[in-house]
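Asks: Here you go, one structure.
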Amino acid sequence: AQSVTQLDSHVSVSEGTPVLLRCNYSSSYSPSLFWYVQHPNKGLQLLLKYTSAATLVKGINGFEAEFKKSETSFHLTKPSAHMSDAAEYFCVVSGSGGYQKVTFGTGTKLQVIP
Amino acid sequence: SQTIHQWPATLVQPVGSPLSLECTVEGTSNPNLYWYRQAAGRGLQLLFYSVGIGQISSEVPQNLSASRPQDRQFILSSKKLLLSDSGFYLCAWSQGGSGNTIYFGEGSWLTVV
């Protein structure tokens with residue numbers, strides 16, 4: 001079985017300050033982990049992906065995430081928030097299986113205050 | 001490069017009317033295909049997935065159905081819509097196997113009135 005928990009439903013930061021969106025996962029297999037971003041009324045866009053290569057993964061728009069197996073975490077960070085980062089972010093775990101079982105977190109809404 | 005198209009983008013339908021949302025993928029073959037629903041204030045719920053033509057698996061019981069008449073075409077249907085079917089529907093695809101990235105369409109807003 002696998003699951004993913006996004007620890008914060010809402011995060012508010014000031015423009016120019018760091019962003020931290022937290023994600024914990026559980027998986028019976030060596031998981032693949034993803035972060036997606038969704039702007040209002042839009043589809044989901046891939047930010048970054050971990051698939052057992054380097055534990056620190058760099059994505060688009062200055063985001064990065066670190067895979068920590070001992071903590072079963074995959075937190076998303078960005079050094080300096082921009083107004084355009086305001087969106088909803090989803091952590092996703094994908095395990096092995098006949099069809100690629102994928103589990104989404106419930107999402108974290110990021111608010112960026114000018 | 002691969003692209004995914006989903007339509008219509010928005011739809012307002014009366015209760016009891018039929019539904020058809022269509023999704024096509026270009027630039028790849030034999031993809032895994034998915035339909036998700038995102039209700040207001042909630043996460044994504046997997047409705048259906050397909051690993052090949054005519055192979056549909058349902059994750060949740062509901063009055064929706066899905067079909068895959070061609071390799072890269074995925075259709076979400078209902079014979080009679082309910083108010084609770086309102087939401088944001090997302091089609092997605094991935095390569096077969098595990099650990100592959102899932103790519104999403106732009107979504108379809110369905111409002112049942």
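FYI, nothing fancy with the structure tokens labels: chains A, B, ... in order, residues from 1 per chain, ligands from 1 as they appear.
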Could you please tell me, as a count of residues only, which residues of chain A have an atom within 10 Å of chain B when using only C-alpha atoms?
Replies: 36
Asks: Which neighbours of range 10-27 of chain B fall inside 8 Å, counting only C-alpha atoms, when residues of the same chain fewer than 4 positions from it are skipped, and could you give them as an MDAnalysis selection string?
Replies: chainID B and resid 1:6 72:83 91 93 108:113
Asks: Would you return as a list in words the members of range 45-98 of chain A that DSSP assigns to strand (DSSP E) on this structure's backbone?
Replies: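 Checking each residue of range 45-98 of chain A, the strand (DSSP E) ones are Gln45, Leu46, Leu47, Leu48, Lys49, Tyr50, Leu56, Val57, Lys58, Glu64, Ala65, Glu66, Phe67, Lys68, Ser73, Phe74, His75, Leu76, Thr77, Lys78, Ala87, Glu88, Tyr89, Phe90, Cys91, Val92, Val93 and Ser94 of chain A.
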Asks: Restricting the output to N, CA, C and O atoms, write the selected residues as a compact mmCIF listing (two decimals), in the first residue's frame.
Replies:
# COMPACT_ATOMS: atom_id res chain seq x y z
N GLN A 45 0.70 20.84 -13.81
CA GLN A 45 1.98 20.91 -14.50
C GLN A 45 3.06 20.29 -13.63
O GLN A 45 3.14 20.58 -12.43
N LEU A 46 3.90 19.46 -14.23
CA LEU A 46 4.98 18.83 -13.48
C LEU A 46 6.04 19.84 -13.10
O LEU A 46 6.55 20.57 -13.94
N LEU A 47 6.36 19.89 -11.80
CA LEU A 47 7.45 20.74 -11.31
C LEU A 47 8.77 19.99 -11.29
O LEU A 47 9.79 20.50 -11.72
N LEU A 48 8.73 18.78 -10.71
CA LEU A 48 9.94 17.98 -10.61
C LEU A 48 9.57 16.54 -10.29
O LEU A 48 8.45 16.24 -9.90
N LYS A 49 10.60 15.68 -10.40
CA LYS A 49 10.37 14.24 -10.29
C LYS A 49 11.59 13.58 -9.69
O LYS A 49 12.73 13.90 -10.05
N TYR A 50 11.38 12.65 -8.76
CA TYR A 50 12.45 11.84 -8.19
C TYR A 50 12.22 10.38 -8.58
O TYR A 50 11.13 9.85 -8.36
N LEU A 56 18.58 15.10 -4.29
CA LEU A 56 18.15 16.48 -4.42
C LEU A 56 17.76 16.70 -5.88
O LEU A 56 18.58 16.57 -6.78
N VAL A 57 16.51 17.04 -6.06
CA VAL A 57 15.97 17.17 -7.41
C VAL A 57 15.66 18.62 -7.69
O VAL A 57 14.99 19.28 -6.89
N LYS A 58 16.14 19.10 -8.80
CA LYS A 58 15.84 20.48 -9.19
C LYS A 58 14.74 20.48 -10.25
O LYS A 58 14.75 19.64 -11.17
N GLU A 64 12.96 23.10 -5.86
CA GLU A 64 13.70 21.86 -5.71
C GLU A 64 13.11 21.07 -4.55
O GLU A 64 12.35 21.61 -3.72
N ALA A 65 13.42 19.79 -4.52
CA ALA A 65 12.92 18.92 -3.46
C ALA A 65 14.00 17.91 -3.11
O ALA A 65 14.79 17.49 -3.96
N GLU A 66 14.01 17.53 -1.84
CA GLU A 66 15.00 16.56 -1.38
C GLU A 66 14.31 15.30 -0.89
O GLU A 66 13.43 15.35 -0.02
N PHE A 67 14.72 14.17 -1.44
CA PHE A 67 14.20 12.88 -1.02
C PHE A 67 14.98 12.41 0.19
O PHE A 67 16.20 12.25 0.14
N LYS A 68 14.28 12.19 1.31
CA LYS A 68 14.91 11.71 2.53
C LYS A 68 14.23 10.40 2.92
O LYS A 68 13.15 10.40 3.52
N SER A 73 10.27 11.61 3.55
CA SER A 73 9.78 12.94 3.20
C SER A 73 10.28 13.35 1.82
O SER A 73 11.30 12.85 1.32
N PHE A 74 9.56 14.27 1.25
CA PHE A 74 9.92 14.83 -0.07
C PHE A 74 9.40 16.26 -0.09
O PHE A 74 8.48 16.60 -0.82
N HIS A 75 10.00 17.10 0.70
CA HIS A 75 9.53 18.48 0.85
C HIS A 75 9.97 19.34 -0.34
O HIS A 75 11.10 19.22 -0.84
N LEU A 76 9.12 20.26 -0.72
CA LEU A 76 9.37 21.17 -1.84
C LEU A 76 9.82 22.52 -1.29
O LEU A 76 9.20 23.04 -0.37
N THR A 77 10.88 23.06 -1.88
CA THR A 77 11.40 24.34 -1.40
C THR A 77 11.71 25.27 -2.56
O THR A 77 11.91 24.83 -3.70
N LYS A 78 11.76 26.55 -2.22
CA LYS A 78 12.20 27.57 -3.17
C LYS A 78 12.80 28.69 -2.34
O LYS A 78 12.21 29.11 -1.35
N ALA A 87 -0.43 29.29 -6.08
CA ALA A 87 -1.10 28.19 -6.79
C ALA A 87 -1.32 27.07 -5.78
O ALA A 87 -1.00 27.20 -4.60
N GLU A 88 -1.84 25.97 -6.27
CA GLU A 88 -1.97 24.77 -5.43
C GLU A 88 -0.94 23.76 -5.87
O GLU A 88 -0.71 23.56 -7.07
N TYR A 89 -0.32 23.10 -4.90
CA TYR A 89 0.77 22.17 -5.17
C TYR A 89 0.39 20.78 -4.66
O TYR A 89 -0.13 20.63 -3.55
N PHE A 90 0.66 19.79 -5.49
CA PHE A 90 0.32 18.41 -5.16
C PHE A 90 1.58 17.54 -5.14
O PHE A 90 2.37 17.56 -6.08
N CYS A 91 1.71 16.79 -4.07
CA CYS A 91 2.76 15.78 -3.95
C CYS A 91 2.16 14.45 -4.39
O CYS A 91 1.01 14.13 -4.02
N VAL A 92 2.92 13.69 -5.15
CA VAL A 92 2.38 12.46 -5.74
C VAL A 92 3.40 11.34 -5.56
O VAL A 92 4.60 11.54 -5.77
N VAL A 93 2.92 10.17 -5.19
CA VAL A 93 3.78 9.00 -5.10
C VAL A 93 3.30 7.96 -6.09
O VAL A 93 2.10 7.76 -6.28
N SER A 94 4.25 7.33 -6.75
CA SER A 94 3.94 6.31 -7.74
C SER A 94 4.77 5.08 -7.45
O SER A 94 5.99 5.16 -7.39
Asks: So how far away is CA of Phe48 in chain B from CA of Tyr34 in chain B, in Å?
Replies: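 If I compute the distance from CA of Tyr34 in chain B to CA of Phe48 in chain B, I get 5.7 Å.
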Asks: Which value, in Å to one decimal, gives the distance between CA of Met83 in chain A and CA of Leu7 in chain A?
Replies: 22.3 Å
